[in-house]
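Chemist: Got a structure for you, entry_29.cif, holding mmCIF, C-alpha atoms.
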```
data_data
loop_
_atom_site.label_atom_id
_atom_site.label_comp_id
_atom_site.auth_asym_id
_atom_site.auth_seq_id
_atom_site.Cartn_x
_atom_site.Cartn_y
_atom_site.Cartn_z
CA MET A 1153 0.00 0.00 0.00
CA ALA A 1154 1.34 3.37 -1.06
CA ASN A 1155 2.17 5.60 1.81
CA LEU A 1156 0.12 8.64 2.64
CA LYS A 1157 2.77 11.26 2.17
CA ASP A 1158 3.63 10.04 -1.34
CA LEU A 1159 -0.01 10.09 -2.34
CA LYS A 1160 -0.44 13.59 -1.04
CA GLY A 1161 2.57 14.69 -3.03
CA ARG A 1162 1.28 13.15 -6.22
CA ILE A 1163 -2.13 14.73 -5.84
CA ALA A 1164 -0.52 18.11 -5.35
CA SER A 1165 1.65 17.68 -8.41
CA VAL A 1166 -1.21 16.56 -10.65
CA LYS A 1167 -3.22 19.54 -9.45
CA LYS A 1168 -0.42 21.87 -10.47
CA THR A 1169 -0.23 20.25 -13.88
CA GLN A 1170 -3.95 20.67 -14.26
CA LYS A 1171 -3.68 24.34 -13.44
CA ILE A 1172 -1.07 24.79 -16.16
CA THR A 1173 -2.97 22.85 -18.79
CA SER A 1174 -6.20 24.68 -18.13
CA ALA A 1175 -4.38 28.02 -18.33
CA MET A 1176 -2.80 26.95 -21.61
CA LYS A 1177 -6.18 25.94 -22.89
CA MET A 1178 -7.60 29.34 -22.19
CA VAL A 1179 -4.66 31.12 -23.77
CA ALA A 1180 -4.95 28.90 -26.85
CA ALA A 1181 -8.68 29.67 -27.07
CA ALA A 1182 -8.02 33.39 -27.03
CA LYS A 1183 -5.25 33.07 -29.59
CA LEU A 1184 -7.40 30.86 -31.75
CA ARG A 1185 -10.06 33.51 -31.91
CA ARG A 1186 -7.53 36.07 -32.96
CA ALA A 1187 -5.94 33.77 -35.52
CA GLN A 1188 -9.31 32.98 -37.03
CA GLU A 1189 -10.10 36.66 -37.29
CA GLY A 1190 -6.78 37.21 -39.00
CA ALA A 1191 -7.45 34.45 -41.50
CA GLU A 1192 -10.91 35.87 -42.14
CA ASN A 1193 -9.52 39.36 -42.74
CA ALA A 1194 -6.87 38.16 -45.12
CA ARG A 1195 -9.28 36.32 -47.36
CA PRO A 1196 -10.43 39.25 -49.55
CA TYR A 1197 -6.86 40.11 -50.53
CA ALA A 1198 -6.01 36.54 -51.42
CA GLU A 1199 -9.20 36.10 -53.41
CA ARG A 1200 -8.68 39.24 -55.46
CA MET A 1201 -5.02 38.54 -55.97
CA PHE A 1202 -5.89 35.11 -57.24
CA ARG A 1203 -8.54 36.49 -59.56
CA MET A 1204 -6.09 38.96 -60.99
CA VAL A 1205 -3.37 36.40 -61.59
CA LYS A 1206 -5.92 34.12 -63.16
CA SER A 1207 -7.13 36.75 -65.59
CA ILE A 1208 -3.61 37.51 -66.68
CA ALA A 1209 -2.63 33.87 -66.77
CA THR A 1210 -5.50 32.97 -69.07
CA SER A 1211 -4.68 35.90 -71.30
CA VAL A 1212 -0.96 35.16 -71.49
CA GLY A 1213 -1.59 31.43 -71.71
CA ASP A 1214 1.29 29.24 -72.73
CA THR A 1215 2.97 31.74 -74.98
CA GLU A 1216 6.72 31.72 -75.39
CA GLY A 1217 7.43 34.75 -73.29
CA ALA A 1218 5.39 33.65 -70.29
CA PRO A 1219 7.40 33.85 -67.06
CA LYS A 1220 8.76 30.58 -65.74
CA MET A 1221 6.87 31.02 -62.51
CA LEU A 1222 3.65 30.73 -64.49
CA SER A 1223 4.41 28.16 -67.14
CA GLY A 1224 6.90 26.10 -65.13
CA THR A 1225 10.39 25.07 -66.09
CA GLY A 1226 9.48 21.58 -67.21
CA GLY A 1227 11.72 19.90 -64.65
CA ASN A 1228 10.68 17.90 -61.64
CA ARG A 1229 12.96 19.05 -58.85
CA GLN A 1230 10.73 19.55 -55.86
CA MET A 1231 10.74 22.15 -53.14
CA LEU A 1232 8.64 21.53 -50.05
CA VAL A 1233 7.69 24.20 -47.58
CA VAL A 1234 6.56 22.62 -44.33
CA CYS A 1235 4.57 24.69 -41.85
CA THR A 1236 4.81 23.53 -38.27
CA SER A 1237 4.74 25.18 -34.86
CA ASP A 1238 7.59 26.41 -32.72
CA ARG A 1239 6.29 24.75 -29.60
CA GLY A 1240 4.90 21.39 -28.72
CA LEU A 1241 1.97 20.41 -26.53
CA CYS A 1242 -0.46 20.75 -29.37
CA GLY A 1243 -1.63 17.19 -29.90
CA GLY A 1244 -1.14 15.67 -33.31
CA PHE A 1245 -0.61 19.00 -35.03
CA ASN A 1246 3.04 18.58 -35.94
CA GLY A 1247 2.93 14.81 -36.03
CA SER A 1248 0.29 14.56 -38.73
CA ILE A 1249 1.95 17.03 -41.06
CA ILE A 1250 5.38 15.48 -40.62
CA ARG A 1251 3.97 12.01 -41.25
CA GLU A 1252 2.50 13.14 -44.54
CA VAL A 1253 5.61 15.01 -45.62
CA ARG A 1254 7.87 12.15 -44.63
CA ALA A 1255 5.85 9.72 -46.73
CA ARG A 1256 6.09 12.07 -49.70
CA LEU A 1257 9.82 12.56 -49.23
CA ARG A 1258 10.57 8.85 -48.90
CA GLU A 1259 8.68 8.22 -52.10
CA MET A 1260 10.68 10.93 -53.86
CA ARG A 1261 13.89 9.47 -52.55
CA ARG A 1262 12.92 6.05 -53.89
CA ASN A 1263 12.09 7.52 -57.28
CA GLY A 1264 15.31 9.44 -57.34
CA THR A 1265 13.54 12.81 -57.48
CA ASP A 1266 15.65 15.69 -56.33
CA PHE A 1267 14.02 17.57 -53.45
CA LYS A 1268 14.71 20.41 -51.07
CA ILE A 1269 12.95 21.46 -47.91
CA ILE A 1270 12.21 24.75 -46.22
CA THR A 1271 10.90 24.37 -42.69
CA VAL A 1272 8.74 26.93 -40.99
CA GLY A 1273 8.61 26.46 -37.23
CA SER A 1274 11.30 24.79 -35.18
CA LYS A 1275 9.36 21.57 -34.58
CA GLY A 1276 9.35 20.70 -38.24
CA HIS A 1277 13.05 21.28 -38.45
CA ASP A 1278 13.72 19.09 -35.41
CA LEU A 1279 11.59 16.27 -36.72
CA LEU A 1280 12.90 16.24 -40.28
CA ARG A 1281 16.53 16.96 -39.53
CA ARG A 1282 17.63 13.45 -38.76
CA GLU A 1283 16.32 11.83 -41.90
CA PHE A 1284 16.48 14.63 -44.43
CA GLY A 1285 18.95 17.04 -42.86
CA ASP A 1286 20.96 17.43 -46.04
CA ASN A 1287 17.92 18.54 -47.99
CA ILE A 1288 16.87 21.35 -45.69
CA VAL A 1289 17.95 24.56 -47.36
CA ALA A 1290 16.37 27.08 -45.03
CA LYS A 1291 14.50 27.27 -41.79
CA PHE A 1292 12.28 29.93 -40.38
CA THR A 1293 11.36 30.10 -36.73
CA ASP A 1294 9.49 32.48 -34.47
CA ILE A 1295 6.88 33.17 -37.10
CA GLY A 1296 3.52 34.24 -35.83
CA ARG A 1297 4.50 34.67 -32.23
CA ARG A 1298 2.42 37.84 -32.13
CA GLY A 1299 0.02 36.86 -34.86
CA VAL A 1300 1.26 36.17 -38.36
CA LYS A 1301 2.53 39.29 -40.10
CA PHE A 1302 2.54 39.76 -43.84
CA GLU A 1303 6.21 40.74 -43.69
CA GLU A 1304 7.00 37.31 -42.30
CA ALA A 1305 5.29 35.63 -45.23
CA LEU A 1306 7.16 38.02 -47.51
CA GLY A 1307 10.44 36.86 -46.00
CA VAL A 1308 9.66 33.22 -46.74
CA ALA A 1309 8.43 34.11 -50.21
CA GLU A 1310 11.58 36.05 -50.99
CA LYS A 1311 13.71 33.09 -50.09
CA ILE A 1312 11.65 30.85 -52.34
CA THR A 1313 11.71 33.31 -55.22
CA ASP A 1314 15.47 33.72 -54.91
CA LEU A 1315 16.02 29.98 -54.98
CA PHE A 1316 13.69 29.65 -57.93
CA GLU A 1317 15.51 32.33 -59.85
CA ALA A 1318 18.80 30.62 -59.04
CA ASP A 1319 17.29 27.57 -60.74
CA GLU A 1320 17.42 25.39 -57.63
CA PHE A 1321 14.06 23.72 -58.10
CA ASP A 1322 11.12 23.47 -60.52
CA VAL A 1323 8.02 22.83 -58.46
CA CYS A 1324 7.22 24.30 -55.07
CA THR A 1325 4.54 22.95 -52.76
CA ILE A 1326 3.58 24.21 -49.35
CA TYR A 1327 2.32 21.78 -46.70
CA PHE A 1328 0.18 23.17 -43.95
CA ASN A 1329 -2.67 22.26 -41.63
CA LYS A 1330 -5.90 23.68 -42.96
CA PHE A 1331 -8.15 24.80 -40.16
CA GLN A 1332 -11.43 22.93 -40.14
CA SER A 1333 -12.43 23.23 -36.50
CA ALA A 1334 -10.70 23.13 -33.15
CA ILE A 1335 -10.87 19.36 -33.28
CA SER A 1336 -9.96 18.71 -36.88
CA GLN A 1337 -7.16 20.11 -39.00
CA ILE A 1338 -6.48 18.78 -42.44
CA VAL A 1339 -3.00 18.46 -43.84
CA THR A 1340 -3.12 20.24 -47.19
CA PRO A 1341 -0.51 20.43 -49.92
CA GLN A 1342 -0.78 23.50 -52.12
CA GLN A 1343 1.31 24.14 -55.18
CA LEU A 1344 2.89 27.58 -55.22
CA ILE A 1345 5.12 27.40 -58.28
CA PRO A 1346 4.26 27.09 -61.10
CA PHE A 1347 0.95 28.87 -60.67
CA ARG A 1348 -2.05 26.61 -61.01
CA VAL A 1349 -5.23 28.14 -62.30
CA GLU A 1350 -7.43 25.58 -60.61
CA ALA A 1351 -5.40 25.65 -57.39
CA ALA A 1352 -7.76 27.41 -55.03
CA ASP A 1353 -11.39 26.63 -54.43
CA ASP A 1354 -13.12 29.66 -55.79
CA ALA A 1355 -16.69 28.66 -56.44
CA ASP A 1356 -18.08 32.08 -55.56
CA ASP A 1357 -15.39 33.70 -57.65
CA ASP A 1358 -16.82 32.13 -60.77
CA ALA A 1359 -20.21 33.59 -60.03
CA ASP A 1360 -18.48 36.94 -59.74
CA GLN A 1361 -16.97 36.63 -63.13
CA LYS A 1362 -20.22 36.06 -64.94
CA THR A 1363 -21.54 39.42 -63.90
CA ASP A 1364 -18.39 41.01 -65.22
CA GLY A 1365 -18.82 39.64 -68.69
CA PRO A 1366 -16.05 38.22 -70.84
CA ARG A 1367 -12.59 38.25 -69.36
CA ALA A 1368 -10.09 38.10 -72.12
CA VAL A 1369 -10.27 41.74 -73.15
CA PHE A 1370 -8.16 43.28 -70.43
CA ILE A 1371 -5.94 46.23 -71.15
CA PHE A 1372 -2.59 45.83 -69.44
CA GLU A 1373 -0.43 48.65 -68.29
CA PRO A 1374 2.53 48.13 -68.57
CA ASP A 1375 2.36 44.86 -70.54
CA GLU A 1376 1.36 41.44 -69.24
CA GLU A 1377 4.90 40.21 -68.74
CA GLU A 1378 5.94 43.14 -66.61
CA ILE A 1379 2.86 42.94 -64.44
CA LEU A 1380 3.31 39.22 -64.03
CA GLU A 1381 6.90 39.68 -63.02
CA ASP A 1382 5.68 41.80 -60.13
CA LEU A 1383 2.48 39.99 -59.46
CA LEU A 1384 3.64 36.37 -59.32
CA PRO A 1385 6.07 36.77 -56.41
CA ARG A 1386 3.39 38.77 -54.60
CA ASN A 1387 0.97 35.95 -55.25
CA VAL A 1388 3.41 33.45 -53.78
CA ALA A 1389 3.75 35.64 -50.70
CA THR A 1390 -0.01 35.94 -50.41
CA GLN A 1391 -0.50 32.20 -50.62
CA ILE A 1392 2.19 31.63 -48.03
CA PHE A 1393 0.60 34.24 -45.80
CA GLN A 1394 -2.72 32.46 -46.15
CA ALA A 1395 -1.11 29.12 -45.35
CA LEU A 1396 0.68 30.52 -42.32
CA LEU A 1397 -2.56 31.99 -41.03
CA GLU A 1398 -4.38 28.70 -41.48
CA SER A 1399 -1.51 26.89 -39.85
CA SER A 1400 -1.48 29.23 -36.88
CA ALA A 1401 -5.23 28.91 -36.39
CA SER A 1402 -4.86 25.13 -36.61
CA GLU A 1403 -2.03 25.14 -34.10
CA HIS A 1404 -4.03 27.03 -31.53
CA GLY A 1405 -7.07 24.90 -32.20
CA ALA A 1406 -5.07 21.71 -31.80
CA ARG A 1407 -3.45 22.99 -28.65
CA MET A 1408 -6.78 24.01 -27.20
CA THR A 1409 -8.21 20.55 -27.77
CA ALA A 1410 -5.09 18.82 -26.47
CA MET A 1411 -5.03 20.94 -23.35
CA ASP A 1412 -8.73 20.42 -22.79
CA ASN A 1413 -8.14 16.67 -22.84
CA ALA A 1414 -5.14 16.98 -20.58
CA THR A 1415 -7.13 19.01 -18.07
CA ARG A 1416 -9.88 16.43 -18.07
CA ASN A 1417 -7.42 13.58 -17.68
CA ALA A 1418 -5.74 15.36 -14.80
CA GLY A 1419 -9.16 15.72 -13.17
CA ASP A 1420 -9.80 11.98 -13.47
CA MET A 1421 -6.39 11.24 -12.08
CA ILE A 1422 -6.96 13.53 -9.11
CA ASP A 1423 -10.26 11.76 -8.36
CA ASN A 1424 -8.59 8.37 -8.46
CA LEU A 1425 -5.68 9.44 -6.33
CA THR A 1426 -7.97 11.09 -3.79
CA MET A 1427 -9.98 7.88 -3.56
CA THR A 1428 -6.83 5.84 -2.95
CA TYR A 1429 -5.64 8.44 -0.48
CA ASN A 1430 -8.84 8.26 1.56
CA ARG A 1431 -8.89 4.46 1.49
CA THR A 1432 -5.31 4.35 2.66
CA ARG A 1433 -6.00 6.88 5.39
CA GLN A 1434 -8.92 4.82 6.68
CA ALA A 1435 -6.89 1.66 6.52
CA VAL A 1436 -4.14 3.28 8.55
CA ILE A 1437 -6.62 4.45 11.21
CA THR A 1438 -8.24 1.02 11.37
CA LYS A 1439 -4.86 -0.59 11.74
CA GLU A 1440 -3.93 1.74 14.56
CA LEU A 1441 -7.23 1.06 16.33
CA ILE A 1442 -6.73 -2.68 16.04
CA GLU A 1443 -3.29 -2.33 17.47
CA ILE A 1444 -4.55 -0.27 20.44
CA ILE A 1445 -7.47 -2.59 21.14
CA SER A 1446 -5.45 -5.76 20.91
CA GLY A 1447 -2.82 -4.14 23.07
CA ALA A 1448 -5.44 -3.28 25.73
CA GLU A 1449 -6.89 -6.80 25.60
CA ALA A 1450 -3.52 -8.35 26.14
CA LEU A 1451 -3.15 -6.62 29.49
CA MET B 579 -25.75 52.51 -66.63
CA ALA B 580 -24.88 52.77 -63.01
CA ASP B 581 -23.44 56.13 -62.03
CA THR B 582 -21.06 54.74 -59.48
CA VAL B 583 -18.22 52.29 -59.53
CA GLU B 584 -17.57 49.85 -56.72
CA PHE B 585 -14.22 50.82 -55.26
CA GLU B 586 -12.32 48.34 -53.15
CA LEU B 587 -9.02 48.81 -51.38
CA VAL B 588 -7.57 45.64 -49.94
CA SER B 589 -4.46 45.01 -47.89
CA PRO B 590 -3.19 41.55 -46.93
CA THR B 591 -4.55 41.91 -43.44
CA ARG B 592 -7.93 43.38 -44.19
CA LEU B 593 -10.47 44.92 -46.54
CA LEU B 594 -9.82 48.61 -46.01
CA LYS B 595 -12.55 50.07 -48.12
CA SER B 596 -15.45 48.84 -50.15
CA GLU B 597 -17.91 51.43 -51.32
CA PRO B 598 -19.52 52.86 -54.43
CA VAL B 599 -17.83 56.03 -55.64
CA ALA B 600 -18.45 58.46 -58.50
CA MET B 601 -14.86 58.50 -59.65
CA VAL B 602 -11.51 57.37 -58.38
CA VAL B 603 -8.03 58.32 -59.53
CA VAL B 604 -5.38 55.65 -59.06
CA PRO B 605 -1.65 56.36 -59.36
CA GLY B 606 -0.77 53.84 -62.08
CA ALA B 607 2.81 52.91 -62.83
CA GLU B 608 2.71 54.85 -66.09
CA GLY B 609 0.51 57.72 -65.05
CA ASP B 610 -2.61 58.41 -63.06
CA ILE B 611 -5.71 56.52 -64.10
CA GLY B 612 -9.14 57.98 -63.60
CA VAL B 613 -11.79 55.33 -63.22
CA LEU B 614 -15.42 56.14 -64.00
CA PRO B 615 -18.26 53.64 -64.34
CA GLU B 616 -18.11 51.51 -67.50
CA HIS B 617 -14.36 51.72 -67.71
CA SER B 618 -12.93 49.07 -69.97
CA PRO B 619 -11.26 46.15 -68.19
CA LEU B 620 -7.74 47.02 -67.16
CA ILE B 621 -5.01 45.60 -65.01
CA CYS B 622 -2.10 47.77 -64.03
CA THR B 623 0.59 48.13 -61.43
CA VAL B 624 0.33 50.96 -58.94
CA ARG B 625 3.21 53.20 -57.98
CA PRO B 626 3.53 54.66 -54.49
CA GLY B 627 1.22 57.63 -54.38
CA VAL B 628 -2.21 58.88 -53.46
CA ILE B 629 -5.57 57.46 -54.47
CA LYS B 630 -8.18 60.17 -54.80
CA ILE B 631 -11.87 59.53 -54.49
CA TYR B 632 -14.09 62.09 -56.20
CA GLU B 633 -17.65 63.05 -55.47
CA GLY B 634 -18.72 65.39 -58.26
CA ASP B 635 -15.77 67.71 -58.77
CA LYS B 636 -14.47 67.50 -55.23
CA VAL B 637 -11.97 65.11 -53.75
CA THR B 638 -13.68 63.51 -50.77
CA GLU B 639 -10.96 61.15 -49.69
CA GLU B 640 -7.25 60.75 -50.18
CA ILE B 641 -5.53 57.48 -49.41
CA PHE B 642 -1.83 56.86 -49.57
CA VAL B 643 -0.71 53.52 -51.02
CA ALA B 644 2.80 52.11 -51.14
CA GLY B 645 2.38 50.52 -54.55
CA GLY B 646 0.46 47.43 -55.54
CA PHE B 647 -1.92 46.38 -58.27
CA CYS B 648 -5.17 47.65 -59.67
CA GLU B 649 -7.88 45.75 -61.48
CA VAL B 650 -10.65 47.63 -63.21
CA SER B 651 -13.84 46.20 -64.65
CA PRO B 652 -16.92 48.09 -65.90
CA THR B 653 -18.51 47.91 -62.46
CA ARG B 654 -15.57 47.65 -60.17
CA CYS B 655 -12.18 49.02 -59.30
CA THR B 656 -10.03 46.91 -56.99
CA VAL B 657 -6.72 48.09 -55.61
CA LEU B 658 -4.43 45.61 -53.88
CA SER B 659 -1.81 47.24 -51.75
CA GLU B 660 0.45 46.00 -49.01
CA GLU B 661 0.48 49.30 -47.23
CA ALA B 662 -2.23 51.92 -47.22
CA MET B 663 -3.31 54.76 -44.96
CA MET B 664 -5.40 57.89 -45.05
CA VAL B 665 -3.36 60.88 -46.15
CA ALA B 666 -4.61 62.81 -43.14
CA ASP B 667 -3.13 60.17 -40.85
CA ILE B 668 0.38 60.47 -42.23
CA ASP B 669 2.79 62.02 -39.77
CA ALA B 670 4.93 64.34 -41.88
CA GLY B 671 7.86 64.09 -39.49
CA GLU B 672 7.75 60.33 -39.47
CA ALA B 673 7.58 60.23 -43.25
CA ARG B 674 10.63 62.47 -43.53
CA GLU B 675 12.47 60.29 -41.08
CA ARG B 676 11.60 57.26 -43.14
CA LEU B 677 12.88 58.99 -46.25
CA SER B 678 16.21 59.93 -44.72
CA GLU B 679 16.59 56.40 -43.38
CA ALA B 680 15.77 54.97 -46.80
CA GLU B 681 18.34 57.25 -48.40
CA LYS B 682 20.93 56.12 -45.89
CA ALA B 683 20.09 52.49 -46.60
CA LEU B 684 20.33 53.13 -50.32
CA SER B 685 23.76 54.72 -50.15
CA SER B 686 25.10 51.90 -48.01
CA SER B 687 23.39 49.08 -49.91
CA ASP B 688 25.31 46.60 -52.01
CA GLU B 689 24.42 45.23 -55.41
CA ASP B 690 21.77 42.83 -54.07
CA GLY B 691 19.98 45.21 -51.78
CA ARG B 692 19.96 48.13 -54.17
CA GLU B 693 16.64 47.44 -55.80
CA LYS B 694 14.86 46.98 -52.50
CA ALA B 695 16.37 50.08 -51.01
CA GLU B 696 15.35 52.08 -54.05
CA ASP B 697 11.77 50.83 -53.75
CA GLU B 698 11.71 51.82 -50.11
CA ARG B 699 13.05 55.26 -50.95
CA ARG B 700 10.39 55.77 -53.61
CA ILE B 701 7.69 54.83 -51.12
CA ALA B 702 9.06 57.20 -48.50
CA GLU B 703 9.37 59.97 -51.08
CA ALA B 704 5.77 59.58 -52.13
CA MET B 705 4.74 59.57 -48.49
CA VAL B 706 6.49 62.85 -47.81
CA ALA B 707 4.93 64.38 -50.92
CA ALA B 708 1.50 63.15 -49.84
CA ALA B 709 1.95 64.58 -46.36
CA ALA B 710 3.07 67.91 -47.78
CA SER B 711 0.04 68.21 -50.04
CA ALA B 712 -2.45 67.38 -47.28
#
```
Can you present the structure in this file as structure tokens?

Modeler:
Amino acid sequence: MANLKDLKGRIASVKKTQKITSAMKMVAAAKLRRAQEGAENARPYAERMFRMVKSIATSVGDTEGAPKMLSGTGGNRQMLVVCTSDRGLCGGFNGSIIREVRARLREMRRNGTDFKIITVGSKGHDLLRREFGDNIVAKFTDIGRRGVKFEEALGVAEKITDLFEADEFDVCTIYFNKFQSAISQIVTPQQLIPFRVEAADDADDDADQKTDGPRAVFIFEPDEEEILEDLLPRNVATQIFQALLESSASEHGARMTAMDNATRNAGDMIDNLTMTYNRTRQAVITKELIEIISGAEAL
Amino acid sequence: MADTVEFELVSPTRLLKSEPVAMVVVPGAEGDIGVLPEHSPLICTVRPGVIKIYEGDKVTEEIFVAGGFCEVSPTRCTVLSEEAMMVADIDAGEARERLSEAEKALSSSDEDGREKAEDERRIAEAMVAAAASA
């Protein structure tokens, strides 16, 4: 039978843990709300940016002079951007994305495809370093500590654009957790380069277009190529920004759920321990009584 | 024919403005572009400068943008900009400080950073000009 003092100590320690997890849960809930708001606010920009790129893309088409970022380079060297969190204690958030990415990477390795990785968030870097350390070309940490900023996305985008211009890869895909609800986040790959017209789900955008009439008659100022040269990197940044926002909302959601579970588990554990504690206490008293009584009888 | 055009100003973090206006003048990369209803479809880049919203013959609102893109359709005018603020909210002193800092950065920049520094200086310059005209 466990002794009383030990039990008391354990109860106290579980209680402290519970306090921490419930505080973390509340912090995550507040941050989640903010992150969701951020994602909501960023949507109009992304939608319009996408519409613009699409109109130009359809007008430029596959002509000779089309920028490589739009038409692709024809090669198959991959670049993966992996969005994870900086901190743990957020349930399966990092695990699920890493699992998916790892499967993809192993397949590429088997097929002999050349690939490079950019990690966002220190957890992703830690988890991928051992197996694919040589392929990691850049890592970004401390993103979104105070809410995701557009400048941060711009930094990541610049790195990608530079590498693309240096002809380091042909196709770039970003992996992030798409926020569904606090309980479910979906690992989503999204191709950044080359630009894919059907990439985003823009059902309402199509409805928009009908009211605007035919599309192909845009006047461009300066010409298409010059606008695209400016617009495509911006579009990459915007998509990254969007992904980072989704990822940050997912992180807080996942953490909230994980901490909620932890708090509940701690509660159960405290109940159990308290029960054992009381049983033990009674047993000790009974034992003492028996000892006194039998001692008195022996006289 | 509608007598207003739906003007939208969007930054990455939020939708800054969305309202019908009589006319809007956007600082295009190759000259200012006045947008009235039934404008033909146009896509252009925007240089750092001031967007002016007209009501009749008067300017009702002036918004500073640090460059971006503009898409015009017969019913709509959408400006995407990474940085935008009301001209009245610009602190002239701060803008000048930004300009001098940008100039410093430009003079000390190397080959790689030159382009970026120049962009920043252009933005700061336009900001100072906007503040002076307000």

Chemist: Which residues match the PyMOL selection byres ((chain A) within 9 of (chain B)) in the file above, as number ranges by chain?

Modeler: A: 1190-1198, 1200-1201, 1204, 1208, 1301-1302, 1364, 1367, 1369-1376, 1378-1379, 1382-1383, 1390, 1393

Chemist: Residues picked by the PyMOL selection byres ((chain B and resi 696) around 12) here, as a list in words?

Modeler: Leu677, Glu679, Ala680, Glu681, Lys682, Ala683, Leu684, Ser685, Ser686, Ser687, Asp688, Glu689, Asp690, Gly691, Arg692, Glu693, Lys694, Ala695, Asp697, Glu698, Arg699, Arg700, Ile701, Ala702 and Glu703 of chain B

Chemist: How about saving the chosen residues, C-alpha atoms kept, as an mmCIF file, keeping the file's coordinate frame?

Modeler:
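File produced: out29.cif:
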```
data_model
loop_
_atom_site.group_PDB
_atom_site.id
_atom_site.type_symbol
_atom_site.label_atom_id
_atom_site.label_comp_id
_atom_site.auth_asym_id
_atom_site.auth_seq_id
_atom_site.Cartn_x
_atom_site.Cartn_y
_atom_site.Cartn_z
ATOM 1 C CA LEU B 677 12.880 58.990 -46.250
ATOM 2 C CA GLU B 679 16.590 56.400 -43.380
ATOM 3 C CA ALA B 680 15.770 54.970 -46.800
ATOM 4 C CA GLU B 681 18.340 57.250 -48.400
ATOM 5 C CA LYS B 682 20.930 56.120 -45.890
ATOM 6 C CA ALA B 683 20.090 52.490 -46.600
ATOM 7 C CA LEU B 684 20.330 53.130 -50.320
ATOM 8 C CA SER B 685 23.760 54.720 -50.150
ATOM 9 C CA SER B 686 25.100 51.900 -48.010
ATOM 10 C CA SER B 687 23.390 49.080 -49.910
ATOM 11 C CA ASP B 688 25.310 46.600 -52.010
ATOM 12 C CA GLU B 689 24.420 45.230 -55.410
ATOM 13 C CA ASP B 690 21.770 42.830 -54.070
ATOM 14 C CA GLY B 691 19.980 45.210 -51.780
ATOM 15 C CA ARG B 692 19.960 48.130 -54.170
ATOM 16 C CA GLU B 693 16.640 47.440 -55.800
ATOM 17 C CA LYS B 694 14.860 46.980 -52.500
ATOM 18 C CA ALA B 695 16.370 50.080 -51.010
ATOM 19 C CA ASP B 697 11.770 50.830 -53.750
ATOM 20 C CA GLU B 698 11.710 51.820 -50.110
ATOM 21 C CA ARG B 699 13.050 55.260 -50.950
ATOM 22 C CA ARG B 700 10.390 55.770 -53.610
ATOM 23 C CA ILE B 701 7.690 54.830 -51.120
ATOM 24 C CA ALA B 702 9.060 57.200 -48.500
ATOM 25 C CA GLU B 703 9.370 59.970 -51.080
#
```

Chemist: If you measure from atom CA of A:Ile1270 to atom CA of A:Glu1252, what distance in Å do you get, rounded to one decimal?

Modeler: 15.2 Å

Chemist: Residue by residue, what does the PyMOL selection byres ((chain B and resi 597) around 6) grab here? Present the result as JSON, numbers by chain.

Modeler: {"B": [584, 585, 596, 598]}

Chemist: Those same residues, written as a PDB file, in the coordinates of the input with C-alpha atoms?

Modeler:
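Just written: out28.pdb:
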```
ATOM      1  CA  GLU B 584     -17.570  49.850 -56.720  1.00  0.00           C
ATOM      2  CA  PHE B 585     -14.220  50.820 -55.260  1.00  0.00           C
ATOM      3  CA  SER B 596     -15.450  48.840 -50.150  1.00  0.00           C
ATOM      4  CA  PRO B 598     -19.520  52.860 -54.430  1.00  0.00           C
TER       5      PRO B 598
END
```

Chemist: So the first atom is atom CA of A:Leu1396 and the second is atom CA of A:Cys1235; what is the distance between them in Å, to one decimal place?

Modeler: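 Between atom CA of A:Leu1396 and atom CA of A:Cys1235 the gap works out to 7.0 Å.
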
Chemist: Considering all atoms listed in the file, state which residue in the set A:Lys1167, A:Lys1268, A:Lys1160, A:Lys1220 is at the smallest distance from A:Phe1347.

Modeler: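 That would be A:Lys1220, the residue with the smallest distance to A:Phe1347.
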
Chemist: For each of B:Ala709, B:Val628, B:Ala662, B:Ile611, take the minimum atom-to-atom distance to B:Glu640, counting only C-alpha atoms, then give the residue where this is smallest.

Modeler: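 Once distances to B:Glu640 are computed over only C-alpha atoms, the minimum belongs to B:Val628.
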
Chemist: Work out how far apart atom CA of B:Ala708 and atom CA of B:Ile668 are and give it in Å to one decimal.

Modeler: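 Straight-line distance from atom CA of B:Ala708 to atom CA of B:Ile668 works out to 8.1 Å.
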
Chemist: Neighbours of stretch 1224-1231 of chain A within 9 Å (all atoms listed in the file; same-chain residues fewer than 6 positions away dropped), as a PDB file with C-alpha atoms, in the coordinates of the input?

Modeler:
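The file below, out-v5.pdb, is the result:
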```pdb
ATOM      1  CA  MET A1260      10.680  10.930 -53.860  1.00  0.00           C
ATOM      2  CA  THR A1265      13.540  12.810 -57.480  1.00  0.00           C
ATOM      3  CA  ASP A1266      15.650  15.690 -56.330  1.00  0.00           C
ATOM      4  CA  PHE A1267      14.020  17.570 -53.450  1.00  0.00           C
ATOM      5  CA  LYS A1268      14.710  20.410 -51.070  1.00  0.00           C
ATOM      6  CA  ILE A1269      12.950  21.460 -47.910  1.00  0.00           C
ATOM      7  CA  ILE A1270      12.210  24.750 -46.220  1.00  0.00           C
ATOM      8  CA  ILE A1312      11.650  30.850 -52.340  1.00  0.00           C
ATOM      9  CA  GLU A1320      17.420  25.390 -57.630  1.00  0.00           C
ATOM     10  CA  PHE A1321      14.060  23.720 -58.100  1.00  0.00           C
ATOM     11  CA  ASP A1322      11.120  23.470 -60.520  1.00  0.00           C
ATOM     12  CA  VAL A1323       8.020  22.830 -58.460  1.00  0.00           C
ATOM     13  CA  CYS A1324       7.220  24.300 -55.070  1.00  0.00           C
ATOM     14  CA  THR A1325       4.540  22.950 -52.760  1.00  0.00           C
ATOM     15  CA  ILE A1326       3.580  24.210 -49.350  1.00  0.00           C
ATOM     16  CA  ILE A1345       5.120  27.400 -58.280  1.00  0.00           C
ATOM     17  CA  PRO A1346       4.260  27.090 -61.100  1.00  0.00           C
ATOM     18  CA  PHE A1347       0.950  28.870 -60.670  1.00  0.00           C
TER      19      PHE A1347
END
```
